file protein-v6.cif (mmCIF, C-alpha atoms and all ligand atoms)
data_start
#
loop_
_atom_site.label_atom_id
_atom_site.label_comp_id
_atom_site.auth_asym_id
_atom_site.auth_seq_id
_atom_site.Cartn_x
_atom_site.Cartn_y
_atom_site.Cartn_z
CA MET A 1 97.07 91.26 112.04
CA LYS A 2 99.56 93.99 111.31
CA PHE A 3 102.03 94.07 108.42
CA ALA A 4 105.14 92.36 109.83
CA THR A 5 103.11 89.53 111.35
CA LYS A 6 101.34 88.97 108.04
CA ALA A 7 104.64 89.09 106.14
CA ILE A 8 105.93 86.21 108.24
CA HIS A 9 102.78 84.13 108.71
CA ALA A 10 100.00 84.86 106.19
CA GLY A 11 99.17 81.93 103.91
CA GLN A 12 101.66 79.66 105.63
CA GLU A 13 100.48 76.82 107.84
CA PRO A 14 102.97 74.25 109.15
CA ASP A 15 103.15 71.45 106.56
CA PRO A 16 100.24 69.06 107.33
CA THR A 17 102.25 65.88 106.67
CA THR A 18 105.47 66.63 108.61
CA GLY A 19 104.93 69.83 110.60
CA ALA A 20 107.76 71.55 108.65
CA ILE A 21 107.56 75.23 109.68
CA MET A 22 108.67 76.44 106.24
CA THR A 23 106.32 75.85 103.30
CA PRO A 24 107.95 72.99 101.34
CA ILE A 25 108.96 73.37 97.71
CA TYR A 26 106.30 71.16 96.12
CA GLN A 27 108.44 70.24 93.13
CA THR A 28 105.76 68.27 91.34
CA SER A 29 103.84 68.69 88.11
CA THR A 30 100.90 66.48 88.99
CA TYR A 31 98.99 64.99 91.97
CA VAL A 32 97.68 61.46 92.40
CA GLN A 33 93.89 61.23 92.39
CA GLU A 34 92.11 58.61 94.47
CA ARG A 35 89.63 58.14 91.65
CA PRO A 36 89.11 60.34 88.60
CA GLY A 37 88.14 63.76 89.96
CA VAL A 38 88.62 62.78 93.61
CA HIS A 39 91.69 64.66 94.88
CA LYS A 40 93.01 66.96 97.62
CA GLY A 41 92.42 70.20 95.71
CA TYR A 42 95.42 69.88 93.41
CA GLU A 43 95.39 68.31 89.94
CA TYR A 44 98.17 69.86 87.85
CA SER A 45 100.78 72.49 88.76
CA ARG A 46 99.99 74.97 85.99
CA THR A 47 96.58 75.32 87.64
CA HIS A 48 97.63 75.12 91.32
CA ASN A 49 100.72 74.32 93.33
CA PRO A 50 100.79 74.42 97.15
CA THR A 51 104.00 76.51 97.35
CA ARG A 52 102.49 79.01 94.91
CA THR A 53 99.17 79.01 96.79
CA ALA A 54 100.97 79.96 100.02
CA LEU A 55 102.68 82.86 98.24
CA GLU A 56 99.50 84.03 96.52
CA LYS A 57 97.66 84.10 99.87
CA ASN A 58 100.55 85.89 101.51
CA LEU A 59 100.70 88.61 98.83
CA ALA A 60 96.93 89.13 98.99
CA ALA A 61 97.22 89.64 102.76
CA LEU A 62 100.09 92.15 102.40
CA GLU A 63 98.11 94.29 99.93
CA ASN A 64 94.89 93.99 102.00
CA GLY A 65 93.35 92.26 98.97
CA LYS A 66 91.10 89.23 98.64
CA HIS A 67 92.90 87.43 95.80
CA GLY A 68 96.52 87.02 94.75
CA LEU A 69 97.88 85.47 91.54
CA CYS A 70 101.54 84.83 90.75
CA PHE A 71 103.22 84.82 87.35
CA GLY A 72 106.60 83.99 85.86
CA SER A 73 107.56 87.69 85.74
CA GLY A 74 106.10 91.14 86.34
CA LEU A 75 105.53 91.50 82.62
CA ALA A 76 103.75 88.13 82.49
CA ALA A 77 101.37 89.51 85.14
CA MET A 78 100.76 92.61 83.01
CA ASP A 79 100.34 90.45 79.93
CA VAL A 80 97.55 88.45 81.57
CA LEU A 81 95.86 91.61 82.82
CA LEU A 82 95.98 93.08 79.29
CA LYS A 83 94.40 89.90 77.90
CA THR A 84 91.18 90.76 79.75
CA PHE A 85 90.63 93.64 77.29
CA SER A 86 89.27 93.53 73.72
CA PRO A 87 90.23 95.24 70.47
CA GLY A 88 88.97 98.83 70.53
CA ASP A 89 89.38 99.23 74.29
CA GLU A 90 91.43 102.20 75.45
CA ILE A 91 93.86 102.51 78.35
CA ILE A 92 95.11 105.76 79.83
CA SER A 93 98.60 105.30 81.27
CA SER A 94 100.93 107.54 83.22
CA ASN A 95 103.60 108.80 80.84
CA ASP A 96 106.68 108.05 82.93
CA LEU A 97 106.80 104.31 83.34
CA TYR A 98 108.88 101.17 83.34
CA GLY A 99 110.38 100.69 79.86
CA GLY A 100 109.08 97.13 79.59
CA SER A 101 105.55 98.28 80.39
CA TYR A 102 105.75 100.92 77.67
CA ARG A 103 107.07 98.24 75.31
CA ILE A 104 104.30 95.68 75.99
CA PHE A 105 101.68 98.43 75.54
CA THR A 106 103.01 99.93 72.30
CA LYS A 107 104.87 97.05 70.65
CA VAL A 108 102.58 94.15 71.58
CA TYR A 109 99.03 95.10 72.55
CA GLN A 110 98.70 98.04 70.19
CA ASN A 111 98.98 95.41 67.41
CA TYR A 112 96.01 93.58 68.94
CA GLY A 113 93.82 96.67 68.74
CA LEU A 114 94.20 98.22 72.19
CA LYS A 115 94.75 101.96 72.23
CA PHE A 116 97.01 103.67 74.77
CA HIS A 117 97.17 107.31 75.84
CA PHE A 118 100.22 108.45 77.83
CA VAL A 119 99.45 111.30 80.20
CA ASP A 120 101.41 113.28 82.79
CA MET A 121 99.27 112.56 85.85
CA GLU A 122 101.08 114.65 88.45
CA ASP A 123 98.01 116.83 88.12
CA THR A 124 95.26 114.20 88.02
CA SER A 125 92.78 116.44 86.19
CA ALA A 126 94.98 115.96 83.09
CA ILE A 127 93.35 112.50 82.78
CA LEU A 128 89.83 113.84 82.19
CA PRO A 129 90.10 114.93 78.51
CA PHE A 130 91.25 111.41 77.54
CA ILE A 131 88.26 109.57 79.00
CA THR A 132 85.82 108.22 76.40
CA ALA A 133 83.19 105.47 76.35
CA LYS A 134 85.99 103.13 75.21
CA THR A 135 88.29 103.79 78.19
CA LYS A 136 88.55 100.56 80.15
CA MET A 137 91.54 101.12 82.45
CA ILE A 138 93.67 103.84 83.97
CA TRP A 139 97.19 102.58 84.60
CA ILE A 140 99.60 104.26 86.99
CA GLU A 141 103.02 103.74 88.45
CA THR A 142 103.87 105.72 91.57
CA PRO A 143 106.60 106.55 92.36
CA THR A 144 107.27 106.61 88.62
CA ASN A 145 110.32 105.09 87.00
CA PRO A 146 112.81 106.73 86.77
CA MET A 147 111.65 110.30 87.48
CA MET A 148 110.16 109.52 90.92
CA ASN A 149 106.99 111.48 90.15
CA ILE A 150 104.20 110.89 92.62
CA ILE A 151 100.62 110.36 91.45
CA ASP A 152 97.73 110.81 93.89
CA ILE A 153 96.19 107.31 93.92
CA ALA A 154 93.02 108.27 95.83
CA ALA A 155 92.35 111.17 93.44
CA VAL A 156 92.77 108.95 90.36
CA ALA A 157 90.59 106.28 92.02
CA ALA A 158 87.80 108.85 92.42
CA ILE A 159 88.01 109.69 88.70
CA ALA A 160 88.05 106.00 87.76
CA LYS A 161 85.09 105.15 89.98
CA LYS A 162 83.00 108.05 88.73
CA ASN A 163 83.56 106.95 85.12
CA ASN A 164 83.27 103.23 85.80
CA ILE A 165 86.86 102.53 84.70
CA LEU A 166 89.25 100.01 86.23
CA LEU A 167 92.25 101.49 88.06
CA GLY A 168 95.46 99.44 87.93
CA VAL A 169 98.54 100.40 89.93
CA ASP A 170 102.07 99.09 89.46
CA ASN A 171 103.20 99.09 93.09
CA THR A 172 106.69 97.70 92.44
CA PHE A 173 108.69 100.77 93.54
CA ALA A 174 106.88 101.25 96.84
CA SER A 175 106.15 97.62 97.84
CA PRO A 176 103.05 96.87 99.94
CA TYR A 177 104.96 97.87 103.07
CA LEU A 178 105.09 101.51 102.00
CA GLN A 179 101.88 101.84 99.97
CA ARG A 180 98.66 99.86 99.57
CA PRO A 181 96.74 101.04 96.49
CA LEU A 182 93.64 98.85 97.11
CA ASP A 183 93.08 100.72 100.40
CA LEU A 184 93.21 103.97 98.41
CA GLY A 185 90.54 102.83 95.93
CA ALA A 186 92.52 101.04 93.20
CA ASP A 187 91.01 97.87 91.68
CA VAL A 188 94.12 95.95 90.67
CA VAL A 189 97.69 95.99 91.97
CA VAL A 190 100.53 94.58 89.87
CA HIS A 191 103.99 93.78 91.18
CA SER A 192 107.30 92.78 89.83
CA ILE A 193 108.12 90.42 92.72
CA THR A 194 111.64 90.41 91.25
CA LYS A 195 112.33 93.71 93.00
CA TYR A 196 111.70 94.65 96.67
CA ILE A 197 109.25 91.87 97.49
CA ALA A 198 111.64 88.98 96.82
CA GLY A 199 114.43 91.44 97.55
CA HIS A 200 117.59 89.41 96.92
CA SER A 201 118.09 89.68 93.14
CA ASP A 202 117.71 85.95 92.74
CA VAL A 203 114.25 85.47 91.26
CA ILE A 204 112.09 86.78 88.39
CA MET A 205 108.39 86.83 89.25
CA GLY A 206 105.24 88.91 89.13
CA ALA A 207 101.86 89.13 90.83
CA ILE A 208 98.40 90.61 90.63
CA VAL A 209 96.34 91.36 93.75
CA LEU A 210 92.67 92.40 93.66
CA ASN A 211 89.34 92.23 95.48
CA ASP A 212 86.83 91.72 92.67
CA ASP A 213 85.60 88.10 92.40
CA VAL A 214 84.51 88.30 88.75
CA LEU A 215 87.82 89.74 87.52
CA GLN A 216 89.69 87.25 89.72
CA GLU A 217 87.89 84.40 87.98
CA ARG A 218 88.83 85.74 84.56
CA LEU A 219 92.48 86.29 85.57
CA SER A 220 92.67 82.87 87.15
CA PHE A 221 91.21 81.35 83.96
CA LEU A 222 93.83 83.17 81.87
CA GLN A 223 96.63 82.18 84.25
CA ASN A 224 95.72 78.55 83.64
CA ALA A 225 94.73 78.87 79.99
CA THR A 226 97.88 80.70 78.89
CA GLY A 227 100.26 79.24 81.47
CA PRO A 228 102.79 81.95 82.53
CA VAL A 229 103.21 80.54 86.06
CA PRO A 230 106.28 80.60 88.32
CA GLY A 231 107.91 77.36 89.51
CA PRO A 232 107.65 76.24 93.14
CA GLN A 233 111.31 76.92 93.99
CA ASP A 234 110.96 80.55 92.93
CA CYS A 235 107.77 80.80 95.02
CA PHE A 236 109.73 79.48 98.01
CA LEU A 237 112.45 82.09 97.47
CA ALA A 238 109.85 84.86 97.26
CA LEU A 239 108.17 83.64 100.49
CA ARG A 240 111.55 83.61 102.20
CA GLY A 241 112.35 87.11 100.98
CA ILE A 242 109.01 88.50 102.16
CA LYS A 243 109.72 87.49 105.75
CA THR A 244 112.17 90.42 105.99
CA LEU A 245 110.39 92.85 103.65
CA HIS A 246 109.49 95.34 106.40
CA VAL A 247 112.98 95.27 107.94
CA ARG A 248 114.68 95.69 104.57
CA MET A 249 112.36 98.48 103.48
CA ASP A 250 113.00 100.48 106.65
CA ARG A 251 116.73 100.37 105.93
CA HIS A 252 116.32 101.08 102.19
CA CYS A 253 114.30 104.20 103.10
CA GLU A 254 116.72 105.37 105.77
CA ASN A 255 119.77 104.91 103.51
CA ALA A 256 118.09 106.54 100.51
CA LYS A 257 117.23 109.61 102.60
CA ALA A 258 120.89 110.03 103.59
CA VAL A 259 122.12 109.49 100.01
CA ALA A 260 119.58 112.01 98.67
CA GLN A 261 120.74 114.60 101.22
CA PHE A 262 124.37 114.02 100.20
CA LEU A 263 123.50 114.46 96.50
CA VAL A 264 121.46 117.63 97.10
CA ALA A 265 124.45 119.21 98.83
CA HIS A 266 127.01 118.19 96.18
CA PRO A 267 128.11 121.02 93.86
CA ALA A 268 128.39 118.78 90.76
CA VAL A 269 124.79 117.57 91.07
CA LYS A 270 122.13 119.46 89.15
CA LYS A 271 118.89 117.88 90.30
CA VAL A 272 117.83 115.13 92.71
CA TYR A 273 114.57 113.27 92.16
CA PHE A 274 113.42 111.71 95.45
CA PRO A 275 109.88 111.97 96.90
CA GLY A 276 111.27 112.29 100.43
CA LEU A 277 112.72 115.73 99.72
CA PRO A 278 110.43 118.57 100.86
CA THR A 279 111.28 120.29 97.56
CA HIS A 280 109.77 117.39 95.53
CA PRO A 281 106.67 118.82 93.75
CA ASN A 282 104.33 116.13 95.13
CA HIS A 283 106.07 115.55 98.47
CA ASP A 284 102.80 116.15 100.34
CA VAL A 285 100.96 113.49 98.32
CA ALA A 286 103.83 111.04 98.94
CA LYS A 287 103.68 111.84 102.64
CA ARG A 288 99.94 111.12 102.68
CA GLN A 289 99.86 107.90 100.67
CA MET A 290 103.21 106.28 101.56
CA LYS A 291 104.62 105.15 104.89
CA SER A 292 108.08 106.36 103.82
CA TYR A 293 109.73 107.29 100.53
CA GLY A 294 111.43 104.15 99.27
CA GLY A 295 114.96 103.36 98.18
CA MET A 296 114.99 104.75 94.63
CA ILE A 297 116.67 108.02 93.68
CA SER A 298 117.46 109.61 90.33
CA PHE A 299 119.81 112.54 89.82
CA SER A 300 121.41 114.49 87.02
CA LEU A 301 124.78 116.21 86.84
CA LYS A 302 125.42 119.85 86.01
CA ASN A 303 127.62 118.56 83.19
CA ASP A 304 124.81 117.09 81.12
CA GLU A 305 126.83 114.87 78.78
CA LEU A 306 126.03 111.23 78.20
CA GLU A 307 129.66 110.15 78.46
CA VAL A 308 130.19 111.93 81.79
CA ALA A 309 127.23 110.13 83.35
CA ARG A 310 128.37 106.82 81.92
CA GLU A 311 131.84 107.43 83.36
CA VAL A 312 130.40 107.83 86.88
CA LEU A 313 128.85 104.38 86.49
CA SER A 314 132.19 102.86 85.64
CA LYS A 315 133.94 104.47 88.66
CA VAL A 316 131.70 103.19 91.48
CA LYS A 317 133.06 100.29 93.52
CA ILE A 318 130.22 99.29 95.85
CA PHE A 319 127.26 100.29 93.68
CA ALA A 320 127.01 97.74 90.88
CA CYS A 321 126.19 98.91 87.37
CA ALA A 322 123.17 96.76 86.57
CA GLU A 323 119.53 96.85 85.53
CA SER A 324 116.83 96.02 88.09
CA LEU A 325 116.33 97.33 91.62
CA GLY A 326 115.05 96.46 95.06
CA GLY A 327 117.71 93.95 96.12
CA VAL A 328 119.73 94.21 99.32
CA GLU A 329 122.77 95.40 97.31
CA SER A 330 123.04 98.89 95.84
CA LEU A 331 122.71 99.26 92.07
CA ILE A 332 123.39 102.15 89.75
CA GLY A 333 121.87 102.54 86.29
CA HIS A 334 121.83 104.86 83.33
CA PRO A 335 118.18 104.87 82.13
CA ALA A 336 118.86 106.42 78.71
CA SER A 337 121.14 103.57 77.66
CA MET A 338 119.85 100.77 79.91
CA THR A 339 116.30 100.37 81.31
CA HIS A 340 114.73 103.00 79.04
CA ALA A 341 116.69 102.31 75.87
CA SER A 342 113.50 100.85 74.34
CA ILE A 343 111.80 104.27 74.55
CA PRO A 344 112.65 106.64 71.66
CA LYS A 345 114.98 109.53 72.68
CA GLU A 346 112.45 112.29 72.08
CA GLU A 347 109.78 110.42 74.12
CA ARG A 348 112.34 109.85 76.89
CA GLU A 349 113.39 113.48 77.06
CA LYS A 350 109.78 114.67 77.16
CA VAL A 351 109.43 112.99 80.56
CA GLY A 352 112.85 114.10 81.82
CA VAL A 353 115.01 111.07 81.06
CA THR A 354 117.94 113.12 79.80
CA ASP A 355 121.26 111.66 78.75
CA SER A 356 122.92 112.49 82.09
CA LEU A 357 120.21 111.02 84.33
CA ILE A 358 121.53 108.41 86.78
CA ARG A 359 119.28 106.09 88.77
CA LEU A 360 120.16 104.52 92.10
CA SER A 361 118.63 101.57 93.87
CA VAL A 362 119.97 102.24 97.35
CA GLY A 363 120.67 98.96 99.14
CA ILE A 364 120.93 98.13 102.82
CA GLU A 365 124.72 98.31 103.21
CA ASP A 366 126.30 100.81 105.65
CA VAL A 367 125.24 104.18 104.34
CA GLU A 368 128.62 105.83 105.07
CA ASP A 369 130.20 103.42 102.57
CA LEU A 370 127.53 104.16 99.96
CA VAL A 371 127.94 107.92 100.26
CA ALA A 372 131.76 107.66 100.12
CA ASP A 373 131.51 105.48 97.00
CA LEU A 374 129.28 107.96 95.16
CA LYS A 375 131.46 110.87 96.28
CA GLN A 376 134.68 109.35 94.90
CA ALA A 377 132.97 108.31 91.64
CA ILE A 378 131.42 111.75 90.99
CA GLU A 379 134.57 113.64 91.98
CA SER A 380 136.88 111.48 89.88
CA VAL A 381 134.79 112.35 86.81
CA VAL A 382 133.61 115.91 87.44
CA LYS A 383 136.70 117.92 88.33
C1 LIG B 401 110.85 95.34 86.75
C2 LIG B 401 109.57 96.02 86.65
C3 LIG B 401 108.50 95.47 85.94
C4 LIG B 401 108.62 94.17 85.18
O1 LIG B 401 108.86 93.10 86.03
P1 LIG B 401 109.70 91.79 85.60
O2 LIG B 401 109.64 90.95 86.81
O3 LIG B 401 111.09 92.26 85.25
O4 LIG B 401 109.01 91.22 84.42
C5 LIG B 401 107.31 96.17 85.91
N1 LIG B 401 107.18 97.35 86.55
C6 LIG B 401 108.19 97.92 87.23
C7 LIG B 401 107.96 99.22 87.91
C8 LIG B 401 109.42 97.28 87.31
O5 LIG B 401 110.42 97.85 87.97
#
call {"tool": "encode", "arguments": {"input": "protein-v6.cif", "output": "structure tokens"}}
result
Amino acid sequence: MKFATKAIHAGQEPDPTTGAIMTPIYQTSTYVQERPGVHKGYEYSRTHNPTRTALEKNLAALENGKHGLCFGSGLAAMDVLLKTFSPGDEIISSNDLYGGSYRIFTKVYQNYGLKFHFVDMEDTSAILPFITAKTKMIWIETPTNPMMNIIDIAAVAAIAKKNNILLGVDNTFASPYLQRPLDLGADVVVHSITKYIAGHSDVIMGAIVLNDDVLQERLSFLQNATGPVPGPQDCFLALRGIKTLHVRMDRHCENAKAVAQFLVAHPAVKKVYFPGLPTHPNHDVAKRQMKSYGGMISFSLKNDELEVAREVLSKVKIFACAESLGGVESLIGHPASMTHASIPKEEREKVGVTDSLIRLSVGIEDVEDLVADLKQAIESVVK
């Protein structure tokens, strides 16, 4: 089956009791057993819930993976993955990443004895000097947040395989429609379902997809043993969102391309970070590993003052000033004071998150309206 067909059908059989075409919201904590231990495959909803099972199977199918596991948030998914490691283990991570990921690495798991190295992986050979006998995972985000750097997944997978290290990819920005890391040699894919996959800014959820049976068993044990599972109504909303993932993504990509072109041509704009631009340093890698370039854009203004950038955010009328991304509506953010505020200023600036950097999650509205909105906001601030 191809992607759109899987998005709509994978994991979802008509309900066996009524024939309902949509997977019901199994709003139940427990399941009646005929006799102790004799049941229909479900005992308690922390362990399994039919609505969640449908979603987990669907997500596995979309990533061309064998197993899917859902969690109460993207960070809960990362938390469970990190629990598979032991004190002394080392993880090499890309250096430009989601602020919450940086926070869970440095402020939580560092205290439990894991060691993290943050590396600019645009040139993948930069990873090599950090590999030791203790390295257990390489962790990448691509496109990166918020600088839209592109990391060559297949090249990192080759390094990981050769050194017997797990490769984990946060595929949130691309979604499985645009990029499938397992096909490129990654071992584990993590998603914030909250973003493009659910797609309507109405749910917080995360997932892990993988092929390996042994790691799946461990993750599944931890999912049940530590309990960070999503409720069935949220699983239903995610399933509903996924049915239009491919259609939404096509429009996100198309709109983002037009917005990026407008920004590149605007005299007040200093730099535009978007992998779809031929001038992007790793445009060729993006072209090879992604179906299209996504809906996320960052840009900076020639006037590099914090207050000027913040003023643009207060002048937009259609773009909403908010954290998060990947919903049908357009959002605008200021990483230095919002999503990346938890990263110290000097660390931020090392990776390019300057005070004037503005990040856009381009939605699926009419693109003429989006461009006009940005134009009036920028021009009302930068005279
Ligand atoms: C939002 C996000 C996360 C965390 O997901 P939550 O669902 O908010 O916990 C992780 N990685 C990336 C790239 C994200 O954008």
call {"tool": "closest_atom_pairs", "arguments": {"input": "protein-v6.cif", "of": "chain A", "to": "ligand LIG 401 (chain B)", "cutoff": "10 Å", "atoms": "only C-alpha atoms and all ligand atoms", "output": "tab-separated table"}}
result
residue	atom	partner	partner_atom	distance
A:Phe71	CA	B:LIG401	O2	8.9
A:Gly72	CA	B:LIG401	O2	7.7
A:Ser73	CA	B:LIG401	O2	4.0
A:Gly74	CA	B:LIG401	O1	3.4
A:Leu75	CA	B:LIG401	O4	3.9
A:Ala76	CA	B:LIG401	O4	6.4
A:Ala77	CA	B:LIG401	O4	7.9
A:Met78	CA	B:LIG401	C5	8.0
A:Asp79	CA	B:LIG401	O4	9.8
A:Leu97	CA	B:LIG401	C7	6.9
A:Tyr98	CA	B:LIG401	C7	5.1
A:Gly99	CA	B:LIG401	N1	8.1
A:Gly100	CA	B:LIG401	C4	6.3
A:Ser101	CA	B:LIG401	C5	6.2
A:Tyr102	CA	B:LIG401	C5	9.6
A:Ile140	CA	B:LIG401	C7	9.8
A:Glu141	CA	B:LIG401	C7	6.7
A:Thr142	CA	B:LIG401	C7	8.5
A:Pro143	CA	B:LIG401	C7	8.7
A:Thr144	CA	B:LIG401	C7	7.5
A:Asn145	CA	B:LIG401	C7	6.4
A:Pro146	CA	B:LIG401	C7	9.0
A:Val169	CA	B:LIG401	C7	9.7
A:Asp170	CA	B:LIG401	C7	6.1
A:Asn171	CA	B:LIG401	C7	7.0
A:Thr172	CA	B:LIG401	C7	4.9
A:Phe173	CA	B:LIG401	C7	5.9
A:Ala174	CA	B:LIG401	C7	9.2
A:Val190	CA	B:LIG401	N1	7.9
A:His191	CA	B:LIG401	N1	6.7
A:Ser192	CA	B:LIG401	O1	4.1
A:Ile193	CA	B:LIG401	O2	6.1
A:Thr194	CA	B:LIG401	O2	4.9
A:Lys195	CA	B:LIG401	C1	6.6
A:Tyr196	CA	B:LIG401	O5	9.4
A:Val203	CA	B:LIG401	O2	8.4
A:Ile204	CA	B:LIG401	O2	5.1
A:Met205	CA	B:LIG401	O2	4.9
A:Gly206	CA	B:LIG401	O2	5.4
A:Ala207	CA	B:LIG401	O2	8.9
A:Glu323	CA	B:LIG401	C1	8.9
A:Ser324	CA	B:LIG401	C1	6.2
A:Leu325	CA	B:LIG401	O5	7.0
A:Gly326	CA	B:LIG401	O5	8.6
A:Thr339	CA	B:LIG401	C1	9.2
call {"tool": "residues_around", "arguments": {"input": "protein-v6.cif", "residues": "Thr28 of chain A", "least_positions_apart": "2", "cutoff": "10 Å", "atoms": "only C-alpha atoms", "output": "PyMOL selection string"}}
result
chain A and resi 25-26+30-31+44-45+49-50+231-232
call {"tool": "residues_around", "arguments": {"input": "protein-v6.cif", "residues": "Gly352 of chain A", "least_positions_apart": "5", "cutoff": "10 Å", "atoms": "all atoms listed in the file", "output": "CSV table (one decimal) with C-alpha atoms, in the coordinates of the input"}}
result
chain,number,residue,atom,x,y,z
A,96,ASP,CA,106.7,108.0,82.9
A,146,PRO,CA,112.8,106.7,86.8
A,147,MET,CA,111.6,110.3,87.5
A,346,GLU,CA,112.4,112.3,72.1
A,347,GLU,CA,109.8,110.4,74.1
A,357,LEU,CA,120.2,111.0,84.3
call {"tool": "closest_residue", "arguments": {"input": "protein-v6.cif", "among": "A:Lys270, A:Arg248, A:Lys134, A:Arg35", "to": "Leu166 of chain A", "atoms": "all atoms listed in the file"}}
result
A:Lys134
call {"tool": "closest_residue", "arguments": {"input": "protein-v6.cif", "among": "A:Tyr112, A:Leu210, A:Arg103, A:Ser93", "to": "Phe130 of chain A", "atoms": "all atoms listed in the file"}}
result
A:Ser93
call {"tool": "closest_residue", "arguments": {"input": "protein-v6.cif", "among": "A:Asn164, A:His246, A:Leu82, A:Ala4", "to": "Val108 of chain A", "atoms": "only C-alpha atoms"}}
result
A:Leu82
call {"tool": "atom_distance", "arguments": {"input": "protein-v6.cif", "atom1": "atom CA of Cys70 of chain A", "atom2": "atom CA of Asn163 of chain A"}}
result
29.1 Å
call {"tool": "closest_atom_pairs", "arguments": {"input": "protein-v6.cif", "of": "segment 168-230 of chain A", "to": "segment 59-64 of chain A", "cutoff": "6 Å", "atoms": "all atoms listed in the file", "output": "tab-separated table"}}
result
residue	atom	partner	partner_atom	distance
A:Pro176	CA	A:Glu63	CA	5.6
A:Arg180	CA	A:Glu63	CA	5.6
A:Val209	CA	A:Ala60	CA	5.7
call {"tool": "closest_residue", "arguments": {"input": "protein-v6.cif", "among": "A:Ala10, A:Lys375, A:Lys383, A:Leu360", "to": "Asn303 of chain A", "atoms": "all atoms listed in the file"}}
result
A:Lys383
call {"tool": "atom_distance", "arguments": {"input": "protein-v6.cif", "atom1": "atom CA of Thr53 of chain A", "atom2": "atom CA of His200 of chain A"}}
result
21.2 Å
call {"tool": "closest_residue", "arguments": {"input": "protein-v6.cif", "among": "A:Asp15, A:Asp234, A:Asp120, A:Glu329", "to": "Ala198 of chain A", "atoms": "all atoms listed in the file"}}
result
A:Asp234
call {"tool": "atom_distance", "arguments": {"input": "protein-v6.cif", "atom1": "atom CA of Phe3 of chain A", "atom2": "atom CA of Glu56 of chain A"}}
result
15.8 Å
call {"tool": "residues_around", "arguments": {"input": "protein-v6.cif", "residues": "Gln261 of chain A", "least_positions_apart": "6", "cutoff": "12 Å", "atoms": "all atoms listed in the file", "output": "ChimeraX atom specification"}}
result
/A:254-255,269,271-279,297,299,367,371
call {"tool": "write_last_selection", "arguments": {"input": "protein-v6.cif", "atoms": "C-alpha atoms", "output": "short mmCIF file (atom, residue, chain, number, x, y, z; two decimals), keeping the file's coordinate frame"}}
result
data_model
loop_
_atom_site.label_atom_id
_atom_site.label_comp_id
_atom_site.auth_asym_id
_atom_site.auth_seq_id
_atom_site.Cartn_x
_atom_site.Cartn_y
_atom_site.Cartn_z
CA GLU A 254 116.72 105.37 105.77
CA ASN A 255 119.77 104.91 103.51
CA VAL A 269 124.79 117.57 91.07
CA LYS A 271 118.89 117.88 90.30
CA VAL A 272 117.83 115.13 92.71
CA TYR A 273 114.57 113.27 92.16
CA PHE A 274 113.42 111.71 95.45
CA PRO A 275 109.88 111.97 96.90
CA GLY A 276 111.27 112.29 100.43
CA LEU A 277 112.72 115.73 99.72
CA PRO A 278 110.43 118.57 100.86
CA THR A 279 111.28 120.29 97.56
CA ILE A 297 116.67 108.02 93.68
CA PHE A 299 119.81 112.54 89.82
CA VAL A 367 125.24 104.18 104.34
CA VAL A 371 127.94 107.92 100.26
#
call {"tool": "closest_residue", "arguments": {"input": "protein-v6.cif", "among": "A:Gly327, A:Gly68, A:Gly227, A:Gly333", "to": "Glu311 of chain A", "atoms": "all atoms listed in the file"}}
result
A:Gly333
